[in-house]
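Trainee: Contents are mmCIF, C-alpha atoms; file name upload-v5.cif:
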data_target
#
loop_
_atom_site.label_atom_id
_atom_site.label_comp_id
_atom_site.auth_asym_id
_atom_site.auth_seq_id
_atom_site.Cartn_x
_atom_site.Cartn_y
_atom_site.Cartn_z
CA MET A 89 92.62 101.44 128.54
CA SER A 90 95.01 98.52 128.24
CA ASP A 91 98.30 98.40 130.13
CA LEU A 92 99.93 96.84 127.06
CA THR A 93 102.41 98.66 124.82
CA PHE A 94 103.58 97.69 121.34
CA LEU A 95 106.68 99.16 119.67
CA ALA A 96 108.08 98.61 116.18
CA VAL A 97 111.46 99.73 114.88
CA HIS A 98 111.28 100.64 111.19
CA ALA A 99 113.90 101.96 108.81
CA HIS A 100 112.08 104.52 106.65
CA PRO A 101 108.83 106.43 106.41
CA ASP A 102 106.31 104.00 104.79
CA ASP A 103 107.83 100.83 106.29
CA GLU A 104 105.42 101.07 109.22
CA ALA A 105 102.50 100.64 106.83
CA THR A 106 103.81 97.78 104.71
CA SER A 107 104.50 95.05 107.24
CA THR A 108 102.77 96.30 110.40
CA GLY A 109 100.06 98.66 109.20
CA GLY A 110 97.26 96.24 109.95
CA LEU A 111 98.72 95.28 113.32
CA TYR A 112 99.12 98.92 114.38
CA ARG A 113 95.50 99.77 113.58
CA LEU A 114 94.20 96.55 115.11
CA LEU A 115 96.06 97.12 118.38
CA ALA A 116 95.06 100.79 118.53
CA ASP A 117 91.42 99.74 118.19
CA GLN A 118 91.95 97.32 121.09
CA GLY A 119 93.24 100.12 123.33
CA VAL A 120 96.89 99.04 123.23
CA ARG A 121 99.46 101.85 123.39
CA THR A 122 101.38 101.89 120.10
CA VAL A 123 104.81 103.41 119.49
CA LEU A 124 106.73 103.75 116.23
CA VAL A 125 110.47 104.34 115.95
CA THR A 126 111.50 105.45 112.46
CA CYS A 127 115.27 105.36 112.03
CA THR A 128 115.87 107.45 108.90
CA ASN A 129 114.35 110.42 107.13
CA GLY A 130 114.12 108.66 103.75
CA GLU A 131 116.35 111.01 101.75
CA CYS A 132 117.05 108.34 99.11
CA GLY A 133 113.43 108.05 98.10
CA ASP A 134 112.01 109.26 94.79
CA THR A 135 111.33 112.92 94.07
CA PRO A 136 107.77 113.92 93.13
CA ASP A 137 108.65 113.41 89.45
CA GLY A 138 110.09 109.96 90.12
CA ALA A 139 113.79 110.89 90.01
CA LYS A 140 116.19 108.54 91.78
CA PRO A 141 119.08 109.72 94.02
CA ASP A 142 121.57 109.60 91.14
CA ALA A 143 119.60 112.22 89.18
CA ASP A 144 121.18 115.69 89.04
CA HIS A 145 118.07 117.41 90.35
CA HIS A 146 117.39 114.95 93.18
CA ASP A 147 117.24 116.86 96.47
CA GLY A 148 117.36 114.46 99.42
CA ASP A 149 116.33 117.07 101.95
CA GLU A 150 113.27 117.98 99.90
CA VAL A 151 112.38 114.30 99.61
CA ALA A 152 112.77 113.88 103.37
CA ALA A 153 110.47 116.83 104.05
CA ILE A 154 107.77 115.34 101.83
CA ARG A 155 108.14 111.94 103.46
CA ALA A 156 107.93 113.47 106.94
CA ARG A 157 104.52 114.91 106.12
CA GLU A 158 103.40 111.60 104.66
CA LEU A 159 104.56 109.73 107.76
CA ASP A 160 102.60 112.09 109.97
CA GLN A 161 99.48 111.31 107.95
CA SER A 162 100.08 107.55 108.12
CA VAL A 163 100.57 107.73 111.89
CA VAL A 164 97.14 109.36 112.25
CA VAL A 165 95.50 106.74 110.02
CA LEU A 166 97.04 103.87 112.00
CA GLY A 167 96.28 105.37 115.40
CA ILE A 168 99.92 105.35 116.49
CA GLU A 169 100.21 107.21 119.79
CA ARG A 170 103.90 108.10 119.75
CA LEU A 171 106.26 108.57 116.81
CA VAL A 172 109.99 108.74 117.52
CA ARG A 173 112.20 109.92 114.65
CA LEU A 174 115.84 108.99 115.19
CA GLY A 175 116.66 111.30 112.26
CA TYR A 176 119.52 109.45 110.57
CA ARG A 177 120.11 109.97 106.87
CA ASP A 178 118.87 107.30 104.50
CA SER A 179 121.77 105.01 103.50
CA GLY A 180 120.39 103.99 100.11
CA MET A 181 120.70 100.48 98.74
CA MET A 182 123.71 98.31 99.48
CA GLY A 183 126.78 99.58 97.61
CA TRP A 184 125.43 103.08 96.99
CA PRO A 185 127.73 106.01 97.83
CA GLN A 186 125.23 107.15 100.45
CA ASN A 187 126.35 104.16 102.55
CA ASP A 188 129.54 106.08 103.34
CA ASP A 189 127.88 109.31 104.47
CA PRO A 190 128.94 109.65 108.13
CA GLU A 191 125.44 110.89 108.94
CA SER A 192 123.80 107.84 107.35
CA PHE A 193 122.18 105.21 109.50
CA TRP A 194 124.43 102.49 108.05
CA ALA A 195 127.59 104.42 109.03
CA THR A 196 126.37 105.14 112.56
CA PRO A 197 127.97 102.93 115.25
CA VAL A 198 125.43 100.35 116.39
CA GLU A 199 126.08 101.12 120.06
CA GLU A 200 125.31 104.80 119.53
CA ALA A 201 121.95 104.28 117.83
CA ALA A 202 121.10 101.38 120.15
CA ALA A 203 121.59 103.59 123.21
CA ARG A 204 119.07 106.09 121.84
CA LEU A 205 116.60 103.28 121.14
CA ALA A 206 117.19 101.83 124.61
CA GLU A 207 116.09 105.15 126.10
CA VAL A 208 112.77 104.84 124.27
CA LEU A 209 112.35 101.21 125.32
CA THR A 210 113.09 102.09 128.94
CA ALA A 211 110.55 104.91 128.89
CA GLU A 212 107.81 102.94 127.12
CA ARG A 213 108.52 99.39 128.41
CA PRO A 214 106.72 97.63 125.55
CA GLN A 215 105.90 93.98 126.11
CA VAL A 216 106.18 93.30 122.36
CA VAL A 217 108.77 94.68 119.93
CA VAL A 218 108.86 94.15 116.16
CA THR A 219 111.61 94.77 113.62
CA TYR A 220 113.24 93.03 110.62
CA ASN A 221 115.40 89.90 110.56
CA GLU A 222 119.19 89.85 110.29
CA VAL A 223 119.16 90.46 106.54
CA GLY A 224 116.62 93.25 106.82
CA PHE A 225 114.05 91.09 105.01
CA TYR A 226 115.39 92.11 101.59
CA GLY A 227 118.97 93.20 102.20
CA HIS A 228 118.54 96.97 102.60
CA PRO A 229 121.34 98.42 104.78
CA ASP A 230 118.95 100.48 106.88
CA HIS A 231 116.75 97.46 107.55
CA ILE A 232 119.78 95.42 108.55
CA GLN A 233 120.91 98.25 110.83
CA ALA A 234 117.44 98.43 112.39
CA ASN A 235 117.79 94.77 113.32
CA ARG A 236 121.25 95.35 114.77
CA ILE A 237 120.34 98.31 116.93
CA THR A 238 117.15 96.64 118.16
CA ARG A 239 118.98 93.54 119.32
CA ALA A 240 121.71 95.66 120.89
CA ALA A 241 119.19 97.91 122.64
CA LEU A 242 117.41 94.90 124.13
CA GLN A 243 120.69 93.99 125.81
CA MET A 244 120.84 97.44 127.40
CA ILE A 245 117.49 97.40 129.20
CA ASP A 246 116.46 95.76 132.47
CA TYR A 247 113.73 93.41 131.21
CA GLU A 248 113.05 91.09 128.26
CA PRO A 249 110.15 91.84 125.92
CA THR A 250 108.98 89.42 123.27
CA LEU A 251 110.77 90.24 120.01
CA TYR A 252 109.24 89.36 116.66
CA TYR A 253 110.56 89.80 113.12
CA ASN A 254 108.12 90.59 110.32
CA ALA A 255 107.93 87.74 107.82
CA ILE A 256 106.12 86.27 104.82
CA PRO A 257 105.62 82.49 104.71
CA ASP A 258 107.17 80.70 101.74
CA SER A 259 103.74 79.56 100.58
CA VAL A 260 102.54 83.17 100.39
CA MET A 261 105.82 84.47 98.97
CA GLU A 262 105.41 82.25 95.90
CA VAL A 263 102.12 83.98 95.11
CA MET A 264 103.53 87.45 95.78
CA ARG A 265 106.64 86.81 93.71
CA ALA A 266 104.48 85.83 90.73
CA ARG A 267 102.52 89.07 91.15
CA TRP A 268 105.74 91.13 91.36
CA GLU A 269 107.16 89.46 88.24
CA GLU A 270 103.97 90.12 86.31
CA GLU A 271 103.99 93.74 87.48
CA ALA A 272 107.63 94.11 86.39
CA ARG A 273 106.80 92.74 82.93
CA ARG A 274 103.87 95.13 82.60
CA GLN A 275 106.04 98.08 83.68
CA ALA A 276 108.75 97.11 81.18
CA GLN A 277 106.16 97.06 78.40
CA GLU A 278 104.84 100.47 79.41
CA ASP A 279 108.39 101.87 79.56
CA ALA A 280 109.23 100.41 76.14
CA ALA A 281 106.13 102.01 74.66
CA ARG A 282 107.48 105.38 75.87
CA GLY A 283 110.95 104.64 74.57
CA VAL A 284 112.37 104.10 78.06
CA VAL A 285 114.76 101.20 78.53
CA ARG A 286 115.78 100.20 82.04
CA GLU A 287 118.30 97.62 83.12
CA PRO A 288 116.41 94.72 84.69
CA GLU A 289 116.97 94.43 88.40
CA GLY A 290 118.58 91.21 89.54
CA PRO A 291 117.29 89.19 92.47
CA PRO A 292 118.03 90.63 95.90
CA SER A 293 121.29 89.47 97.44
CA VAL A 294 123.46 89.98 100.51
CA ASP A 295 127.25 89.76 100.16
CA GLY A 296 126.76 88.39 96.66
CA GLU A 297 124.57 85.52 97.84
CA PRO A 298 120.96 85.30 96.58
CA LEU A 299 118.54 86.36 99.29
CA HIS A 300 115.58 84.17 100.14
CA MET A 301 112.94 86.58 101.42
CA GLY A 302 110.37 83.99 102.45
CA THR A 303 110.22 82.14 105.75
CA PRO A 304 109.45 78.42 106.06
CA ASP A 305 105.81 78.15 107.03
CA ASP A 306 106.60 76.11 110.13
CA ARG A 307 108.82 78.91 111.52
CA ILE A 308 106.01 81.46 111.64
CA GLY A 309 105.35 82.27 115.29
CA ALA A 310 102.41 84.66 114.95
CA THR A 311 99.72 84.90 112.29
CA ILE A 312 97.61 87.98 112.85
CA ASP A 313 94.22 88.42 111.20
CA VAL A 314 93.99 92.09 110.25
CA SER A 315 91.09 91.66 107.84
CA THR A 316 88.91 94.06 109.83
CA VAL A 317 91.37 96.94 109.35
CA THR A 318 92.68 96.48 105.80
CA ASP A 319 91.06 99.72 104.66
CA ALA A 320 93.17 101.61 107.21
CA LYS A 321 96.30 99.78 106.07
CA TYR A 322 95.50 100.71 102.46
CA ASP A 323 94.97 104.35 103.44
CA ALA A 324 98.27 104.38 105.37
CA LEU A 325 100.10 103.08 102.31
CA ALA A 326 98.30 105.66 100.16
CA ALA A 327 99.47 108.39 102.53
CA HIS A 328 103.01 107.67 101.28
CA ALA A 329 102.04 108.68 97.75
CA SER A 330 105.47 110.02 96.79
CA GLN A 331 106.96 106.53 97.11
CA LEU A 332 104.08 104.07 96.76
CA SER A 333 101.53 105.52 94.35
CA GLY A 334 102.71 103.10 91.67
CA SER A 335 103.16 100.12 93.97
CA PHE A 336 101.40 96.83 93.36
CA TRP A 337 99.46 97.34 96.61
CA LEU A 338 97.87 100.58 95.48
CA LYS A 339 97.14 99.25 92.01
CA MET A 340 94.63 96.96 93.72
CA SER A 341 91.14 98.15 94.45
CA LYS A 342 90.26 98.28 98.12
CA GLU A 343 88.18 95.15 97.59
CA GLU A 344 91.16 93.28 96.10
CA PHE A 345 93.37 94.60 98.88
CA ARG A 346 90.99 93.27 101.54
CA LEU A 347 91.22 89.80 100.05
CA ALA A 348 95.00 89.82 99.53
CA MET A 349 96.29 91.67 102.59
CA GLY A 350 94.17 90.48 105.49
CA VAL A 351 96.99 88.70 107.36
CA GLU A 352 100.39 89.77 108.77
CA TRP A 353 103.01 87.24 109.86
CA PHE A 354 105.89 87.29 112.33
CA VAL A 355 108.73 85.09 113.55
CA ARG A 356 109.15 84.90 117.33
CA VAL A 357 112.76 85.59 118.34
CA THR A 358 112.67 85.91 122.13
CA ASN A 359 110.17 84.01 124.20
CA PRO A 360 110.01 85.16 127.83
CA ARG A 361 106.44 83.86 128.16
CA GLY A 362 107.28 80.35 126.97
CA LEU A 363 104.89 80.38 124.03
CA GLU A 364 104.53 77.40 121.72
CA GLY A 365 103.51 77.20 118.09
CA ASN A 366 101.87 79.79 115.89
CA VAL A 367 99.84 82.21 118.00
CA LYS A 368 96.97 84.34 116.73
CA ASP A 369 97.51 87.26 119.12
CA ILE A 370 100.77 89.25 119.08
CA PHE A 371 100.23 89.75 122.84
CA ALA A 372 99.78 86.05 123.54
CA GLY A 373 101.12 85.36 127.01
CA TYR A 374 100.35 88.90 128.15
CA ARG A 375 96.56 88.83 128.12
#
Could you express the structure from this file as structure tokens?

Mentor:
Amino acid sequence: MSDLTFLAVHAHPDDEATSTGGLYRLLADQGVRTVLVTCTNGECGDTPDGAKPDADHHDGDEVAAIRARELDQSVVVLGIERLVRLGYRDSGMMGWPQNDDPESFWATPVEEAAARLAEVLTAERPQVVVTYNEVGFYGHPDHIQANRITRAALQMIDYEPTLYYNAIPDSVMEVMRARWEEEARRQAQEDAARGVVREPEGPPSVDGEPLHMGTPDDRIGATIDVSTVTDAKYDALAAHASQLSGSFWLKMSKEEFRLAMGVEWFVRVTNPRGLEGNVKDIFAGYR
């Protein structure tokens, strides 16, 4: 067994599969100890019939119970050795009333949640930690809060691990954005055929400013080939059926998924090992 430990801090059930699913399975297969911290229960997800949190019959606790079972299944698929649920309530999207729930992750003082995370870091002593960037990749309050508590927790412990943020290079984001736009057009056509009219969603923003979700290619600090484990990543995403069954990922065949999703990218934030350039191993400098 390896003496290496990897830990990621994610906001909701299913986030572990989207940006780190391949990495988790790859590291598990290499004998690395893997730990997942999931900050919220996911109460603001869809109900089994697709209802959003503003629907009268939406039951957040029921949604959370379903998502807990799905997360357990994903953890098994990805070979994650320890799952830590911080148990905060899902804050919903920015500006939603759920932001103000005192039990929501967004409303929780950073120092309070960071102290709980610091306990996990102290116990596990991971050499590598992954979370989202300062804008939570796409502006979600819980993703932003995950960044904040991770950075605060790292100031509370007695050593410095290498911190990475998940990322998508600009060159890849252009391709993905085109796929998302095409998928949105197709969905709008299907909705219209059923007599359903939805307000188009605007581009993601933070504090009213348009959010650029891509990362300049030259800022990528780790490019990880996960092509040998894409089937496991697909299965982990599929485990979260209540939220992702209609996602563009799961509309691909496994063969298409292997071709499209064989790489995961990260930005290096702390650098205690003095690494240079774009490494191919998330544990570069440690082995």

Trainee: Exactly which residues make up the result of the PyMOL selection byres ((chain A and resi 114) around 10) on this file, given as a PyMOL selection string?

Mentor: chain A and resi 108-113+115-120+166-167+312-318+320-321

Trainee: Could you tell me how far atom CA of A:Pro101 sits from atom CA of A:Glu191, in Å to one decimal place?

Mentor: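 Interatomic distance, atom CA of A:Glu191 to atom CA of A:Pro101: 17.4 Å.
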
Trainee: Evaluate the PyMOL selection byres ((chain A and resi 173-189) around 9) and record the selected residues as a ChimeraX atom specification, following the chain and residue labels used in the document.

Mentor: /A:99-100,124-133,141,148,171-172,190-196,201,204-205,227-230,294

Trainee: Expand the PyMOL selection byres ((chain A and resi 335) around 12) into the explicit residue set it covers here, and present it as a count of residues only.

Mentor: 22

Trainee: Choose the residue, out of A:Lys342, A:Arg170, A:Arg265, A:Arg155, that has the smallest atom-to-atom separation from A:Val208; count only C-alpha atoms.

Mentor: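 Using only C-alpha atoms, the shortest distance to A:Val208 belongs to A:Arg170.
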
Trainee: Measuring between all atoms listed in the file, which one of A:Val163, A:Ala372, A:Val263, A:Val217 shows the shortest distance to A:Ala96?

Mentor: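 Of A:Val163, A:Ala372, A:Val263, A:Val217, the one nearest A:Ala96, counting all atoms listed in the file, is A:Val217.
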
Trainee: Quote the spacing between atom CA of A:Ser107 and atom CA of A:Glu352 in Å to one decimal place.

Mentor: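 Computing it gives 6.9 Å between the two atoms.
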
Trainee: List as a PDB file with C-alpha atoms, in the frame of the given file the protein and nucleic acid residues near A:Ala255, meaning an atom at most 12 Å away when all atoms listed in the file are counted, but skip any in the same chain fewer than 6 places from it.

Mentor:
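Okay, this is what ended up in result-v7.pdb:
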ATOM      1  CA  THR A 106     103.810  97.780 104.710  1.00  0.00           C
ATOM      2  CA  SER A 107     104.500  95.050 107.240  1.00  0.00           C
ATOM      3  CA  THR A 108     102.770  96.300 110.400  1.00  0.00           C
ATOM      4  CA  VAL A 218     108.860  94.150 116.160  1.00  0.00           C
ATOM      5  CA  THR A 219     111.610  94.770 113.620  1.00  0.00           C
ATOM      6  CA  TYR A 220     113.240  93.030 110.620  1.00  0.00           C
ATOM      7  CA  ASN A 221     115.400  89.900 110.560  1.00  0.00           C
ATOM      8  CA  GLU A 222     119.190  89.850 110.290  1.00  0.00           C
ATOM      9  CA  VAL A 223     119.160  90.460 106.540  1.00  0.00           C
ATOM     10  CA  GLY A 224     116.620  93.250 106.820  1.00  0.00           C
ATOM     11  CA  PHE A 225     114.050  91.090 105.010  1.00  0.00           C
ATOM     12  CA  TYR A 226     115.390  92.110 101.590  1.00  0.00           C
ATOM     13  CA  MET A 261     105.820  84.470  98.970  1.00  0.00           C
ATOM     14  CA  HIS A 300     115.580  84.170 100.140  1.00  0.00           C
ATOM     15  CA  MET A 301     112.940  86.580 101.420  1.00  0.00           C
ATOM     16  CA  GLY A 302     110.370  83.990 102.450  1.00  0.00           C
ATOM     17  CA  THR A 303     110.220  82.140 105.750  1.00  0.00           C
ATOM     18  CA  PRO A 304     109.450  78.420 106.060  1.00  0.00           C
ATOM     19  CA  ASP A 305     105.810  78.150 107.030  1.00  0.00           C
ATOM     20  CA  ASP A 306     106.600  76.110 110.130  1.00  0.00           C
ATOM     21  CA  ARG A 307     108.820  78.910 111.520  1.00  0.00           C
ATOM     22  CA  ILE A 308     106.010  81.460 111.640  1.00  0.00           C
ATOM     23  CA  GLY A 309     105.350  82.270 115.290  1.00  0.00           C
ATOM     24  CA  ALA A 310     102.410  84.660 114.950  1.00  0.00           C
ATOM     25  CA  THR A 311      99.720  84.900 112.290  1.00  0.00           C
ATOM     26  CA  ILE A 312      97.610  87.980 112.850  1.00  0.00           C
ATOM     27  CA  VAL A 351      96.990  88.700 107.360  1.00  0.00           C
ATOM     28  CA  GLU A 352     100.390  89.770 108.770  1.00  0.00           C
ATOM     29  CA  TRP A 353     103.010  87.240 109.860  1.00  0.00           C
ATOM     30  CA  PHE A 354     105.890  87.290 112.330  1.00  0.00           C
ATOM     31  CA  VAL A 355     108.730  85.090 113.550  1.00  0.00           C
ATOM     32  CA  ARG A 356     109.150  84.900 117.330  1.00  0.00           C
ATOM     33  CA  VAL A 357     112.760  85.590 118.340  1.00  0.00           C
TER      34      VAL A 357
END

Trainee: Please compute the atom CA of A:Tyr252-atom CA of A:Asp319 distance, one decimal, in Å.

Mentor: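 Atom CA of A:Asp319 lies at a distance of 24.1 Å from atom CA of A:Tyr252.
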
Trainee: For stretch 300-305 of chain A, take all atoms listed in the file, fit an axis-aligned box around them, add 4 Å to each of the six sides, then output centre and edge lengths in Å rounded to one decimal, as lines of an AutoDock Vina configuration file.

Mentor:
center_x = 110.7
center_y = 82.4
center_z = 103.6
size_x = 17.8
size_y = 16.4
size_z = 14.9

Trainee: Would you fill out stretch 132-167 of chain A with N, CA and C atoms and return it as a CSV table (one decimal), keeping the file's coordinate frame?

Mentor:
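And here's selection_38.csv as it stands now:
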chain,number,residue,atom,x,y,z
A,132,CYS,N,116.8,109.0,100.4
A,132,CYS,CA,117.0,108.3,99.1
A,132,CYS,C,115.8,107.9,98.4
A,133,GLY,N,114.7,108.4,98.8
A,133,GLY,CA,113.4,108.0,98.1
A,133,GLY,C,113.3,108.8,96.8
A,134,ASP,N,112.2,108.6,96.1
A,134,ASP,CA,112.0,109.3,94.8
A,134,ASP,C,111.5,110.7,95.0
A,135,THR,N,111.9,111.6,94.1
A,135,THR,CA,111.3,112.9,94.1
A,135,THR,C,109.9,112.9,93.5
A,136,PRO,N,109.1,113.9,93.6
A,136,PRO,CA,107.8,113.9,93.1
A,136,PRO,C,107.7,113.5,91.7
A,137,ASP,N,108.7,113.8,90.9
A,137,ASP,CA,108.6,113.4,89.4
A,137,ASP,C,109.3,112.0,89.2
A,138,GLY,N,109.6,111.3,90.3
A,138,GLY,CA,110.1,110.0,90.1
A,138,GLY,C,111.6,109.8,90.0
A,139,ALA,N,112.3,110.9,90.2
A,139,ALA,CA,113.8,110.9,90.0
A,139,ALA,C,114.4,110.1,91.2
A,140,LYS,N,115.4,109.3,90.8
A,140,LYS,CA,116.2,108.5,91.8
A,140,LYS,C,117.4,109.4,92.3
A,141,PRO,N,118.0,108.9,93.4
A,141,PRO,CA,119.1,109.7,94.0
A,141,PRO,C,120.3,110.0,93.1
A,142,ASP,N,120.4,109.3,92.0
A,142,ASP,CA,121.6,109.6,91.1
A,142,ASP,C,121.2,110.7,90.1
A,143,ALA,N,120.0,111.2,90.1
A,143,ALA,CA,119.6,112.2,89.2
A,143,ALA,C,120.2,113.6,89.6
A,144,ASP,N,120.6,114.4,88.7
A,144,ASP,CA,121.2,115.7,89.0
A,144,ASP,C,120.3,116.6,89.9
A,145,HIS,N,119.0,116.5,89.6
A,145,HIS,CA,118.1,117.4,90.4
A,145,HIS,C,117.5,116.8,91.6
A,146,HIS,N,117.9,115.6,92.0
A,146,HIS,CA,117.4,115.0,93.2
A,146,HIS,C,117.9,115.7,94.4
A,147,ASP,N,116.9,116.1,95.2
A,147,ASP,CA,117.2,116.9,96.5
A,147,ASP,C,116.8,116.0,97.7
A,148,GLY,N,117.7,115.4,98.3
A,148,GLY,CA,117.4,114.5,99.4
A,148,GLY,C,116.6,115.1,100.6
A,149,ASP,N,117.0,116.4,100.9
A,149,ASP,CA,116.3,117.1,102.0
A,149,ASP,C,114.9,117.4,101.6
A,150,GLU,N,114.6,117.7,100.3
A,150,GLU,CA,113.3,118.0,99.9
A,150,GLU,C,112.5,116.7,100.0
A,151,VAL,N,113.1,115.6,99.5
A,151,VAL,CA,112.4,114.3,99.6
A,151,VAL,C,112.0,114.0,101.1
A,152,ALA,N,113.0,114.2,102.0
A,152,ALA,CA,112.8,113.9,103.4
A,152,ALA,C,111.6,114.7,103.9
A,153,ALA,N,111.5,116.0,103.6
A,153,ALA,CA,110.5,116.8,104.0
A,153,ALA,C,109.1,116.3,103.6
A,154,ILE,N,109.0,115.9,102.3
A,154,ILE,CA,107.8,115.3,101.8
A,154,ILE,C,107.4,114.1,102.6
A,155,ARG,N,108.4,113.2,102.8
A,155,ARG,CA,108.1,111.9,103.5
A,155,ARG,C,107.8,112.1,104.9
A,156,ALA,N,108.3,113.2,105.6
A,156,ALA,CA,107.9,113.5,106.9
A,156,ALA,C,106.5,113.8,107.0
A,157,ARG,N,105.9,114.6,106.1
A,157,ARG,CA,104.5,114.9,106.1
A,157,ARG,C,103.7,113.7,105.9
A,158,GLU,N,104.1,112.8,104.9
A,158,GLU,CA,103.4,111.6,104.7
A,158,GLU,C,103.4,110.7,105.9
A,159,LEU,N,104.5,110.6,106.6
A,159,LEU,CA,104.6,109.7,107.8
A,159,LEU,C,103.6,110.2,108.8
A,160,ASP,N,103.5,111.5,109.0
A,160,ASP,CA,102.6,112.1,110.0
A,160,ASP,C,101.2,111.7,109.6
A,161,GLN,N,100.8,111.7,108.4
A,161,GLN,CA,99.5,111.3,108.0
A,161,GLN,C,99.2,109.8,108.2
A,162,SER,N,100.2,109.0,107.9
A,162,SER,CA,100.1,107.6,108.1
A,162,SER,C,99.9,107.2,109.6
A,163,VAL,N,100.7,107.9,110.4
A,163,VAL,CA,100.6,107.7,111.9
A,163,VAL,C,99.1,108.0,112.4
A,164,VAL,N,98.5,109.0,111.9
A,164,VAL,CA,97.1,109.4,112.2
A,164,VAL,C,96.2,108.2,111.8
A,165,VAL,N,96.4,107.8,110.6
A,165,VAL,CA,95.5,106.7,110.0
A,165,VAL,C,95.6,105.5,110.9
A,166,LEU,N,96.8,105.1,111.3
A,166,LEU,CA,97.0,103.9,112.0
A,166,LEU,C,96.8,104.0,113.5
A,167,GLY,N,96.5,105.2,114.0
A,167,GLY,CA,96.3,105.4,115.4
A,167,GLY,C,97.5,105.2,116.3
